[in-house]
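Raw contents of entry33.txt, compact mmCIF, N, CA, C and O atoms:
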# COMPACT_ATOMS: atom_id res chain seq x y z
N LEU A 1 0.84 -1.19 0.00
CA LEU A 1 0.00 0.00 0.00
C LEU A 1 0.88 1.25 0.00
O LEU A 1 1.84 1.33 0.74
N ASP A 2 0.50 2.21 -0.81
CA ASP A 2 1.21 3.48 -0.71
C ASP A 2 0.45 4.40 0.26
O ASP A 2 -0.59 4.03 0.80
N ILE A 3 0.96 5.57 0.47
CA ILE A 3 0.36 6.48 1.46
C ILE A 3 -1.08 6.80 1.11
O ILE A 3 -1.96 6.81 1.98
N GLU A 4 -1.37 7.04 -0.17
CA GLU A 4 -2.74 7.37 -0.56
C GLU A 4 -3.69 6.23 -0.24
O GLU A 4 -4.79 6.44 0.25
N ASP A 5 -3.27 4.98 -0.53
CA ASP A 5 -4.12 3.83 -0.24
C ASP A 5 -4.40 3.70 1.25
O ASP A 5 -5.51 3.45 1.66
N SER A 6 -3.37 3.87 2.07
CA SER A 6 -3.59 3.73 3.51
C SER A 6 -4.47 4.85 4.04
O SER A 6 -5.25 4.64 4.96
N GLU A 7 -4.37 6.04 3.45
CA GLU A 7 -5.26 7.13 3.87
C GLU A 7 -6.70 6.81 3.49
O GLU A 7 -7.62 7.07 4.25
N LEU A 8 -6.89 6.22 2.32
CA LEU A 8 -8.24 5.83 1.91
C LEU A 8 -8.80 4.78 2.87
O LEU A 8 -9.95 4.87 3.28
N LEU A 9 -8.00 3.80 3.23
CA LEU A 9 -8.46 2.76 4.14
C LEU A 9 -8.80 3.32 5.51
O LEU A 9 -9.72 2.86 6.17
N SER A 10 -8.06 4.33 5.96
CA SER A 10 -8.34 4.89 7.28
C SER A 10 -9.67 5.63 7.31
O SER A 10 -10.23 5.84 8.37
N ASP A 11 -10.18 6.01 6.14
CA ASP A 11 -11.47 6.70 6.06
C ASP A 11 -12.65 5.73 5.98
O ASP A 11 -13.79 6.15 6.06
N VAL A 12 -12.36 4.44 5.79
CA VAL A 12 -13.42 3.44 5.66
C VAL A 12 -13.98 3.13 7.05
O VAL A 12 -13.23 2.89 7.99
N ILE A 13 -15.28 3.16 7.16
CA ILE A 13 -15.94 2.88 8.44
C ILE A 13 -16.09 1.37 8.59
O ILE A 13 -16.63 0.71 7.70
N PRO A 14 -15.61 0.81 9.69
CA PRO A 14 -15.75 -0.63 9.89
C PRO A 14 -17.22 -1.05 9.87
O PRO A 14 -18.08 -0.36 10.41
N ILE A 15 -17.48 -2.16 9.22
CA ILE A 15 -18.83 -2.72 9.10
C ILE A 15 -18.96 -3.96 9.97
O ILE A 15 -20.00 -4.21 10.55
N LEU A 16 -17.88 -4.73 10.05
CA LEU A 16 -17.90 -6.01 10.75
C LEU A 16 -17.35 -5.85 12.16
O LEU A 16 -16.28 -5.29 12.37
N GLU A 17 -18.08 -6.37 13.12
CA GLU A 17 -17.66 -6.33 14.53
C GLU A 17 -16.80 -7.55 14.86
O GLU A 17 -15.76 -7.43 15.50
N ALA A 18 -17.27 -8.74 14.44
CA ALA A 18 -16.56 -9.98 14.76
C ALA A 18 -16.98 -11.08 13.81
O ALA A 18 -18.06 -11.01 13.20
N VAL A 19 -16.14 -12.08 13.67
CA VAL A 19 -16.47 -13.28 12.90
C VAL A 19 -16.12 -14.50 13.74
O VAL A 19 -15.13 -14.49 14.47
N THR A 20 -16.97 -15.52 13.64
CA THR A 20 -16.75 -16.75 14.38
C THR A 20 -16.99 -17.93 13.45
O THR A 20 -18.10 -18.09 12.94
N PRO A 21 -15.95 -18.73 13.19
CA PRO A 21 -16.16 -19.93 12.38
C PRO A 21 -16.86 -21.00 13.23
O PRO A 21 -16.36 -21.38 14.29
N LEU A 22 -18.02 -21.42 12.79
CA LEU A 22 -18.81 -22.42 13.52
C LEU A 22 -18.65 -23.78 12.86
O LEU A 22 -18.16 -23.88 11.72
N PRO A 23 -19.09 -24.84 13.54
CA PRO A 23 -19.03 -26.17 12.92
C PRO A 23 -19.82 -26.22 11.62
O PRO A 23 -20.72 -25.41 11.38
N ASN A 24 -19.48 -27.19 10.79
CA ASN A 24 -20.19 -27.46 9.53
C ASN A 24 -20.06 -26.30 8.54
O ASN A 24 -20.94 -26.06 7.73
N HIS A 25 -18.96 -25.56 8.63
CA HIS A 25 -18.63 -24.46 7.70
C HIS A 25 -19.70 -23.37 7.63
O HIS A 25 -20.05 -22.89 6.56
N VAL A 26 -20.22 -23.02 8.80
CA VAL A 26 -21.10 -21.86 8.91
C VAL A 26 -20.28 -20.74 9.55
O VAL A 26 -19.64 -20.95 10.58
N LEU A 27 -20.29 -19.58 8.91
CA LEU A 27 -19.55 -18.44 9.43
C LEU A 27 -20.52 -17.48 10.08
O LEU A 27 -21.47 -17.01 9.45
N GLN A 28 -20.30 -17.22 11.36
CA GLN A 28 -21.11 -16.24 12.07
C GLN A 28 -20.45 -14.88 11.90
O GLN A 28 -19.28 -14.71 12.22
N VAL A 29 -21.21 -13.93 11.35
CA VAL A 29 -20.70 -12.58 11.12
C VAL A 29 -21.53 -11.61 11.95
O VAL A 29 -22.75 -11.53 11.78
N ASP A 30 -20.87 -10.91 12.86
CA ASP A 30 -21.54 -9.91 13.68
C ASP A 30 -21.18 -8.52 13.14
O ASP A 30 -19.99 -8.22 12.96
N PHE A 31 -22.19 -7.73 12.87
CA PHE A 31 -22.02 -6.40 12.30
C PHE A 31 -22.04 -5.35 13.40
O PHE A 31 -22.66 -5.56 14.45
N VAL A 32 -21.41 -4.22 13.15
CA VAL A 32 -21.39 -3.15 14.15
C VAL A 32 -22.80 -2.63 14.43
O VAL A 32 -23.06 -2.07 15.49
N SER A 33 -23.72 -2.86 13.51
CA SER A 33 -25.11 -2.43 13.69
C SER A 33 -25.84 -3.27 14.73
O SER A 33 -26.94 -2.92 15.16
N GLY A 34 -25.24 -4.41 15.11
CA GLY A 34 -25.89 -5.33 16.03
C GLY A 34 -26.51 -6.52 15.34
O GLY A 34 -26.94 -7.47 15.99
N SER A 35 -26.58 -6.49 14.02
CA SER A 35 -27.12 -7.62 13.26
C SER A 35 -26.14 -8.78 13.26
O SER A 35 -24.93 -8.57 13.39
N ARG A 36 -26.66 -9.98 13.10
CA ARG A 36 -25.85 -11.19 13.01
C ARG A 36 -26.28 -11.98 11.79
O ARG A 36 -27.47 -12.16 11.55
N LEU A 37 -25.30 -12.47 11.05
CA LEU A 37 -25.54 -13.29 9.87
C LEU A 37 -24.88 -14.64 10.08
O LEU A 37 -23.74 -14.71 10.53
N LEU A 38 -25.60 -15.72 9.77
CA LEU A 38 -25.02 -17.05 9.74
C LEU A 38 -24.92 -17.44 8.27
O LEU A 38 -25.93 -17.68 7.61
N LEU A 39 -23.70 -17.46 7.76
CA LEU A 39 -23.47 -17.71 6.34
C LEU A 39 -22.95 -19.12 6.14
O LEU A 39 -21.89 -19.49 6.64
N ASP A 40 -23.72 -19.93 5.40
CA ASP A 40 -23.33 -21.30 5.08
C ASP A 40 -22.31 -21.25 3.95
O ASP A 40 -22.63 -20.88 2.82
N MET A 41 -21.09 -21.59 4.25
CA MET A 41 -20.01 -21.54 3.26
C MET A 41 -19.86 -22.85 2.48
O MET A 41 -19.09 -22.90 1.53
N LYS A 42 -20.59 -23.90 2.86
CA LYS A 42 -20.44 -25.19 2.20
C LYS A 42 -20.60 -25.13 0.68
O LYS A 42 -19.83 -25.76 -0.03
N PRO A 43 -21.57 -24.35 0.14
CA PRO A 43 -21.72 -24.33 -1.32
C PRO A 43 -20.51 -23.74 -2.06
O PRO A 43 -20.39 -23.92 -3.27
N TYR A 44 -19.61 -23.08 -1.36
CA TYR A 44 -18.47 -22.42 -2.00
C TYR A 44 -17.18 -23.23 -1.88
O TYR A 44 -16.18 -22.89 -2.51
N LEU A 45 -17.18 -24.28 -1.07
CA LEU A 45 -15.95 -25.00 -0.78
C LEU A 45 -15.38 -25.76 -1.97
O LEU A 45 -14.20 -26.12 -1.95
N ASP A 46 -16.18 -25.99 -3.00
CA ASP A 46 -15.65 -26.70 -4.18
C ASP A 46 -14.95 -25.74 -5.15
O ASP A 46 -14.32 -26.17 -6.10
N LYS A 47 -15.04 -24.45 -4.90
CA LYS A 47 -14.38 -23.47 -5.75
C LYS A 47 -12.92 -23.34 -5.32
O LYS A 47 -12.61 -23.35 -4.12
N ILE A 48 -12.03 -23.22 -6.27
CA ILE A 48 -10.59 -23.18 -5.98
C ILE A 48 -10.26 -22.14 -4.92
O ILE A 48 -9.50 -22.41 -4.00
N ARG A 49 -10.85 -20.97 -5.04
CA ARG A 49 -10.55 -19.89 -4.10
C ARG A 49 -10.85 -20.26 -2.65
O ARG A 49 -10.13 -19.85 -1.74
N PHE A 50 -11.92 -21.01 -2.43
CA PHE A 50 -12.36 -21.32 -1.07
C PHE A 50 -11.96 -22.72 -0.60
O PHE A 50 -12.22 -23.08 0.54
N ARG A 51 -11.32 -23.50 -1.46
CA ARG A 51 -10.95 -24.87 -1.10
C ARG A 51 -10.09 -24.93 0.16
O ARG A 51 -10.24 -25.87 0.96
N PRO A 52 -9.18 -23.96 0.41
CA PRO A 52 -8.40 -24.02 1.65
C PRO A 52 -9.26 -24.03 2.92
O PRO A 52 -8.81 -24.50 3.96
N LEU A 53 -10.49 -23.56 2.83
CA LEU A 53 -11.36 -23.51 4.02
C LEU A 53 -11.80 -24.90 4.47
O LEU A 53 -12.35 -25.05 5.56
N THR A 54 -11.55 -25.93 3.64
CA THR A 54 -11.87 -27.29 4.06
C THR A 54 -10.88 -27.79 5.11
O THR A 54 -11.18 -28.75 5.81
N ASP A 55 -9.74 -27.14 5.23
CA ASP A 55 -8.75 -27.46 6.27
C ASP A 55 -9.22 -26.80 7.57
O ASP A 55 -9.40 -25.58 7.62
N ALA A 56 -9.41 -27.59 8.61
CA ALA A 56 -9.94 -27.07 9.88
C ALA A 56 -9.07 -25.95 10.45
O ALA A 56 -9.57 -24.98 11.02
N ARG A 57 -7.76 -26.06 10.28
CA ARG A 57 -6.86 -25.02 10.79
C ARG A 57 -7.13 -23.69 10.10
O ARG A 57 -7.22 -22.65 10.75
N VAL A 58 -7.31 -23.73 8.78
CA VAL A 58 -7.59 -22.51 8.02
C VAL A 58 -8.97 -21.97 8.39
O VAL A 58 -9.14 -20.78 8.65
N TRP A 59 -9.96 -22.86 8.41
CA TRP A 59 -11.33 -22.43 8.74
C TRP A 59 -11.37 -21.73 10.09
O TRP A 59 -12.00 -20.68 10.24
N ASN A 60 -10.69 -22.29 11.06
CA ASN A 60 -10.74 -21.74 12.42
C ASN A 60 -9.84 -20.53 12.61
O ASN A 60 -9.81 -19.97 13.71
N SER A 61 -9.15 -20.10 11.56
CA SER A 61 -8.26 -18.94 11.67
C SER A 61 -8.96 -17.62 11.34
O SER A 61 -8.32 -16.58 11.30
N ALA A 62 -10.26 -17.64 11.13
CA ALA A 62 -11.00 -16.45 10.69
C ALA A 62 -10.81 -15.26 11.63
O ALA A 62 -10.96 -15.39 12.84
N VAL A 63 -10.47 -14.12 11.02
CA VAL A 63 -10.35 -12.85 11.75
C VAL A 63 -10.92 -11.74 10.87
O VAL A 63 -11.07 -11.91 9.66
N THR A 64 -11.23 -10.61 11.48
CA THR A 64 -11.69 -9.46 10.70
C THR A 64 -10.99 -8.20 11.17
O THR A 64 -10.62 -8.08 12.34
N ASN A 65 -10.84 -7.27 10.22
CA ASN A 65 -10.33 -5.94 10.56
C ASN A 65 -11.46 -4.91 10.49
O ASN A 65 -11.22 -3.72 10.51
N GLY A 66 -12.70 -5.41 10.39
CA GLY A 66 -13.86 -4.54 10.30
C GLY A 66 -14.36 -4.36 8.88
O GLY A 66 -15.51 -3.98 8.67
N ILE A 67 -13.49 -4.63 7.91
CA ILE A 67 -13.85 -4.48 6.49
C ILE A 67 -13.77 -5.83 5.77
O ILE A 67 -14.63 -6.17 4.98
N PHE A 68 -12.71 -6.58 6.05
CA PHE A 68 -12.48 -7.88 5.42
C PHE A 68 -12.51 -8.98 6.46
O PHE A 68 -12.23 -8.75 7.64
N VAL A 69 -12.81 -10.20 5.98
CA VAL A 69 -12.63 -11.40 6.79
C VAL A 69 -11.49 -12.16 6.14
O VAL A 69 -11.48 -12.34 4.92
N ARG A 70 -10.54 -12.58 6.95
CA ARG A 70 -9.40 -13.32 6.42
C ARG A 70 -9.30 -14.66 7.12
O ARG A 70 -9.38 -14.75 8.34
N PHE A 71 -9.16 -15.70 6.29
CA PHE A 71 -8.86 -17.06 6.75
C PHE A 71 -7.49 -17.37 6.16
O PHE A 71 -7.40 -17.67 4.96
N ASP A 72 -6.44 -17.26 6.93
CA ASP A 72 -5.10 -17.53 6.42
C ASP A 72 -4.87 -16.67 5.18
O ASP A 72 -4.77 -15.46 5.30
N ASN A 73 -4.86 -17.26 3.98
CA ASN A 73 -4.64 -16.46 2.76
C ASN A 73 -5.90 -16.26 1.93
O ASN A 73 -5.84 -15.79 0.81
N VAL A 74 -7.07 -16.62 2.46
CA VAL A 74 -8.35 -16.40 1.78
C VAL A 74 -9.00 -15.17 2.40
O VAL A 74 -9.13 -15.09 3.62
N GLU A 75 -9.39 -14.22 1.56
CA GLU A 75 -9.97 -12.98 2.07
C GLU A 75 -11.31 -12.70 1.41
O GLU A 75 -11.48 -12.91 0.22
N LEU A 76 -12.25 -12.22 2.21
CA LEU A 76 -13.58 -11.83 1.74
C LEU A 76 -13.88 -10.42 2.22
O LEU A 76 -13.62 -10.10 3.38
N SER A 77 -14.45 -9.60 1.35
CA SER A 77 -14.87 -8.27 1.78
C SER A 77 -16.28 -8.36 2.37
O SER A 77 -17.01 -9.32 2.13
N HIS A 78 -16.66 -7.34 3.13
CA HIS A 78 -18.02 -7.34 3.68
C HIS A 78 -19.05 -7.33 2.56
O HIS A 78 -20.11 -7.92 2.69
N ASP A 79 -18.73 -6.68 1.42
CA ASP A 79 -19.66 -6.68 0.27
C ASP A 79 -19.85 -8.09 -0.28
O ASP A 79 -20.97 -8.48 -0.61
N GLU A 80 -18.77 -8.85 -0.37
CA GLU A 80 -18.88 -10.23 -0.85
C GLU A 80 -19.73 -11.07 0.10
O GLU A 80 -20.55 -11.88 -0.35
N ILE A 81 -19.53 -10.89 1.38
CA ILE A 81 -20.29 -11.65 2.37
C ILE A 81 -21.78 -11.36 2.22
O ILE A 81 -22.61 -12.28 2.21
N LEU A 82 -22.13 -10.08 2.06
CA LEU A 82 -23.54 -9.74 1.88
C LEU A 82 -24.09 -10.30 0.58
O LEU A 82 -25.23 -10.77 0.54
N SER A 83 -23.30 -10.27 -0.50
CA SER A 83 -23.73 -10.84 -1.78
C SER A 83 -23.95 -12.33 -1.66
O SER A 83 -24.93 -12.88 -2.20
N MET A 84 -23.06 -13.02 -0.96
CA MET A 84 -23.20 -14.47 -0.77
C MET A 84 -24.46 -14.78 0.03
O MET A 84 -25.17 -15.73 -0.26
N ALA A 85 -24.75 -13.96 1.02
CA ALA A 85 -25.95 -14.16 1.84
C ALA A 85 -27.21 -13.96 1.01
O ALA A 85 -28.18 -14.70 1.15
N GLU A 86 -27.19 -12.96 0.14
CA GLU A 86 -28.36 -12.70 -0.71
C GLU A 86 -28.60 -13.83 -1.68
O GLU A 86 -29.74 -14.21 -1.93
N ARG A 87 -27.52 -14.43 -2.23
CA ARG A 87 -27.66 -15.54 -3.17
C ARG A 87 -28.23 -16.77 -2.49
O ARG A 87 -28.87 -17.59 -3.13
N ALA A 88 -28.01 -16.89 -1.19
CA ALA A 88 -28.48 -18.07 -0.46
C ALA A 88 -30.00 -18.03 -0.23
O ALA A 88 -30.60 -19.03 0.11
N HIS A 89 -30.61 -16.87 -0.43
CA HIS A 89 -32.05 -16.76 -0.13
C HIS A 89 -32.87 -16.62 -1.37
O HIS A 89 -32.57 -16.11 -2.34
Can the structure from this file be put into structure tokens for me?
Amino acid sequence: LDIEDSELLSDVIPILEAVTPLPNHVLQVDFVSGSRLLLDMKPYLDKIRFRPLTDARVWNSAVTNGIFVRFDNVELSHDEILSMAERAH
């Protein structure tokens, strides 16, 4: 990141409060608004990008910086998480 990129990121308002990897590849996403989403990740595990999540160590490594969720080297933005949730319904 250069200085301009980091300044842009510092202006981004965090959306995600916390993430918790649950059994059976369900990701609990807690938003700063107080809402909670349970996202079933199983339909995505056959895709190359998400295949590392089948490893329990990677799955259980989920963390958030308020904007992205990172599992080891797999990263999802809050926009992607919301899009995935909408596709599930």
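Within 12 Å of the point (-22.5, -26.7, 13.2) in file coordinates, and counting only C-alpha atoms, lie the residues Thr20, Pro21, Leu22, Pro23, Asn24, His25, Val26, Leu27, Gln28, Leu38, Leu39, Asp40, Met41 and Lys42 of chain A.
Atom C of A:Ala56 sits 25.3 Å away from atom N of A:Ile15.
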Would you list the contacts of A:Tyr44 as a PDB file with N, CA, C and O atoms, in the coordinates of the input, taking every protein, DNA or RNA residue within 10 Å and counting only C-alpha atoms, but skipping same-chain residues closer than 6 positions in sequence?
ATOM      1  N   HIS A  25     -18.960 -25.560   8.630  1.00  0.00           N
ATOM      2  CA  HIS A  25     -18.630 -24.460   7.700  1.00  0.00           C
ATOM      3  C   HIS A  25     -19.700 -23.370   7.630  1.00  0.00           C
ATOM      4  O   HIS A  25     -20.050 -22.890   6.560  1.00  0.00           O
ATOM      5  N   PHE A  50     -11.920 -21.010  -2.430  1.00  0.00           N
ATOM      6  CA  PHE A  50     -12.360 -21.320  -1.070  1.00  0.00           C
ATOM      7  C   PHE A  50     -11.960 -22.720  -0.600  1.00  0.00           C
ATOM      8  O   PHE A  50     -12.220 -23.080   0.540  1.00  0.00           O
ATOM      9  N   ARG A  51     -11.320 -23.500  -1.460  1.00  0.00           N
ATOM     10  CA  ARG A  51     -10.950 -24.870  -1.100  1.00  0.00           C
ATOM     11  C   ARG A  51     -10.090 -24.930   0.160  1.00  0.00           C
ATOM     12  O   ARG A  51     -10.240 -25.870   0.960  1.00  0.00           O
ATOM     13  N   LEU A  53     -10.490 -23.560   2.830  1.00  0.00           N
ATOM     14  CA  LEU A  53     -11.360 -23.510   4.020  1.00  0.00           C
ATOM     15  C   LEU A  53     -11.800 -24.900   4.470  1.00  0.00           C
ATOM     16  O   LEU A  53     -12.350 -25.050   5.560  1.00  0.00           O
ATOM     17  N   MET A  84     -23.060 -13.020  -0.960  1.00  0.00           N
ATOM     18  CA  MET A  84     -23.200 -14.470  -0.770  1.00  0.00           C
ATOM     19  C   MET A  84     -24.460 -14.780   0.030  1.00  0.00           C
ATOM     20  O   MET A  84     -25.170 -15.730  -0.260  1.00  0.00           O
TER      21      MET A  84
END
query: Could you name the residues that touch A:Pro14 at 8 Å or less, counting only C-alpha atoms, but leaving out those on the same chain fewer than 3 positions away, as a list of chain:residue names?
result: A:Glu17, A:Val32, A:Asn65, A:Gly66, A:Ile67
Could you take the residues named above and write them with N, CA, C and O atoms, as an mmCIF file, in the coordinates of the input?
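As written to disk, selection.cif reads:
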data_model
loop_
_atom_site.group_PDB
_atom_site.id
_atom_site.type_symbol
_atom_site.label_atom_id
_atom_site.label_comp_id
_atom_site.auth_asym_id
_atom_site.auth_seq_id
_atom_site.Cartn_x
_atom_site.Cartn_y
_atom_site.Cartn_z
ATOM 1 N N GLU A 17 -18.080 -6.370 13.120
ATOM 2 C CA GLU A 17 -17.660 -6.330 14.530
ATOM 3 C C GLU A 17 -16.800 -7.550 14.860
ATOM 4 O O GLU A 17 -15.760 -7.430 15.500
ATOM 5 N N VAL A 32 -21.410 -4.220 13.150
ATOM 6 C CA VAL A 32 -21.390 -3.150 14.150
ATOM 7 C C VAL A 32 -22.800 -2.630 14.430
ATOM 8 O O VAL A 32 -23.060 -2.070 15.490
ATOM 9 N N ASN A 65 -10.840 -7.270 10.220
ATOM 10 C CA ASN A 65 -10.330 -5.940 10.560
ATOM 11 C C ASN A 65 -11.460 -4.910 10.490
ATOM 12 O O ASN A 65 -11.220 -3.720 10.510
ATOM 13 N N GLY A 66 -12.700 -5.410 10.390
ATOM 14 C CA GLY A 66 -13.860 -4.540 10.300
ATOM 15 C C GLY A 66 -14.360 -4.360 8.880
ATOM 16 O O GLY A 66 -15.510 -3.980 8.670
ATOM 17 N N ILE A 67 -13.490 -4.630 7.910
ATOM 18 C CA ILE A 67 -13.850 -4.480 6.490
ATOM 19 C C ILE A 67 -13.770 -5.830 5.770
ATOM 20 O O ILE A 67 -14.630 -6.170 4.980
#
Picked from stretch 33-75 of chain A by DSSP as strand (DSSP E), as an mmCIF file with N, CA, C and O atoms, in the coordinates of the input:
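Full text of out-v6.cif as output:
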data_model
loop_
_atom_site.group_PDB
_atom_site.id
_atom_site.type_symbol
_atom_site.label_atom_id
_atom_site.label_comp_id
_atom_site.auth_asym_id
_atom_site.auth_seq_id
_atom_site.Cartn_x
_atom_site.Cartn_y
_atom_site.Cartn_z
ATOM 1 N N ARG A 36 -26.660 -9.980 13.100
ATOM 2 C CA ARG A 36 -25.850 -11.190 13.010
ATOM 3 C C ARG A 36 -26.280 -11.980 11.790
ATOM 4 O O ARG A 36 -27.470 -12.160 11.550
ATOM 5 N N LEU A 37 -25.300 -12.470 11.050
ATOM 6 C CA LEU A 37 -25.540 -13.290 9.870
ATOM 7 C C LEU A 37 -24.880 -14.640 10.080
ATOM 8 O O LEU A 37 -23.740 -14.710 10.530
ATOM 9 N N LEU A 38 -25.600 -15.720 9.770
ATOM 10 C CA LEU A 38 -25.020 -17.050 9.740
ATOM 11 C C LEU A 38 -24.920 -17.440 8.270
ATOM 12 O O LEU A 38 -25.930 -17.680 7.610
ATOM 13 N N LEU A 39 -23.700 -17.460 7.760
ATOM 14 C CA LEU A 39 -23.470 -17.710 6.340
ATOM 15 C C LEU A 39 -22.950 -19.120 6.140
ATOM 16 O O LEU A 39 -21.890 -19.490 6.640
ATOM 17 N N ASP A 40 -23.720 -19.930 5.400
ATOM 18 C CA ASP A 40 -23.330 -21.300 5.080
ATOM 19 C C ASP A 40 -22.310 -21.250 3.950
ATOM 20 O O ASP A 40 -22.630 -20.880 2.820
ATOM 21 N N VAL A 63 -10.470 -14.120 11.020
ATOM 22 C CA VAL A 63 -10.350 -12.850 11.750
ATOM 23 C C VAL A 63 -10.920 -11.740 10.870
ATOM 24 O O VAL A 63 -11.070 -11.910 9.660
ATOM 25 N N THR A 64 -11.230 -10.610 11.480
ATOM 26 C CA THR A 64 -11.690 -9.460 10.700
ATOM 27 C C THR A 64 -10.990 -8.200 11.170
ATOM 28 O O THR A 64 -10.620 -8.080 12.340
ATOM 29 N N PHE A 68 -12.710 -6.580 6.050
ATOM 30 C CA PHE A 68 -12.480 -7.880 5.420
ATOM 31 C C PHE A 68 -12.510 -8.980 6.460
ATOM 32 O O PHE A 68 -12.230 -8.750 7.640
ATOM 33 N N VAL A 69 -12.810 -10.200 5.980
ATOM 34 C CA VAL A 69 -12.630 -11.400 6.790
ATOM 35 C C VAL A 69 -11.490 -12.160 6.140
ATOM 36 O O VAL A 69 -11.480 -12.340 4.920
ATOM 37 N N ARG A 70 -10.540 -12.580 6.950
ATOM 38 C CA ARG A 70 -9.400 -13.320 6.420
ATOM 39 C C ARG A 70 -9.300 -14.660 7.120
ATOM 40 O O ARG A 70 -9.380 -14.750 8.340
ATOM 41 N N PHE A 71 -9.160 -15.700 6.290
ATOM 42 C CA PHE A 71 -8.860 -17.060 6.750
ATOM 43 C C PHE A 71 -7.490 -17.370 6.160
ATOM 44 O O PHE A 71 -7.400 -17.670 4.960
ATOM 45 N N VAL A 74 -7.070 -16.620 2.460
ATOM 46 C CA VAL A 74 -8.350 -16.400 1.780
ATOM 47 C C VAL A 74 -9.000 -15.170 2.400
ATOM 48 O O VAL A 74 -9.130 -15.090 3.620
ATOM 49 N N GLU A 75 -9.390 -14.220 1.560
ATOM 50 C CA GLU A 75 -9.970 -12.980 2.070
ATOM 51 C C GLU A 75 -11.310 -12.700 1.410
ATOM 52 O O GLU A 75 -11.480 -12.910 0.220
#
Residues within 5 Å of (-14.3, -12.5, 9.8), file coordinates, counting all atoms listed in the file: what are they? Give the list as a ChimeraX atom specification. /A:19,62-64,68-70
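Taking atom CA of A:Ala18 and atom CA of A:Asp30 as the two end points, the separation is 5.1 Å.
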* To do: Enumerate the residues of chain A with a DSSP assignment of helix (DSSP H, G or I), computed from the backbone, and present them as a ChimeraX atom specification.
  => /A:3-10,23-25,42-44,48-54,56-59,78-87
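If all atoms listed in the file are the atoms counted, then among A:Thr54, A:Ser83, A:His78, A:Lys47 the closest residue to A:Leu16 is A:His78.
For the pair atom CA of A:Arg49 and atom CA of A:Ser33, the separation is 28.9 Å.
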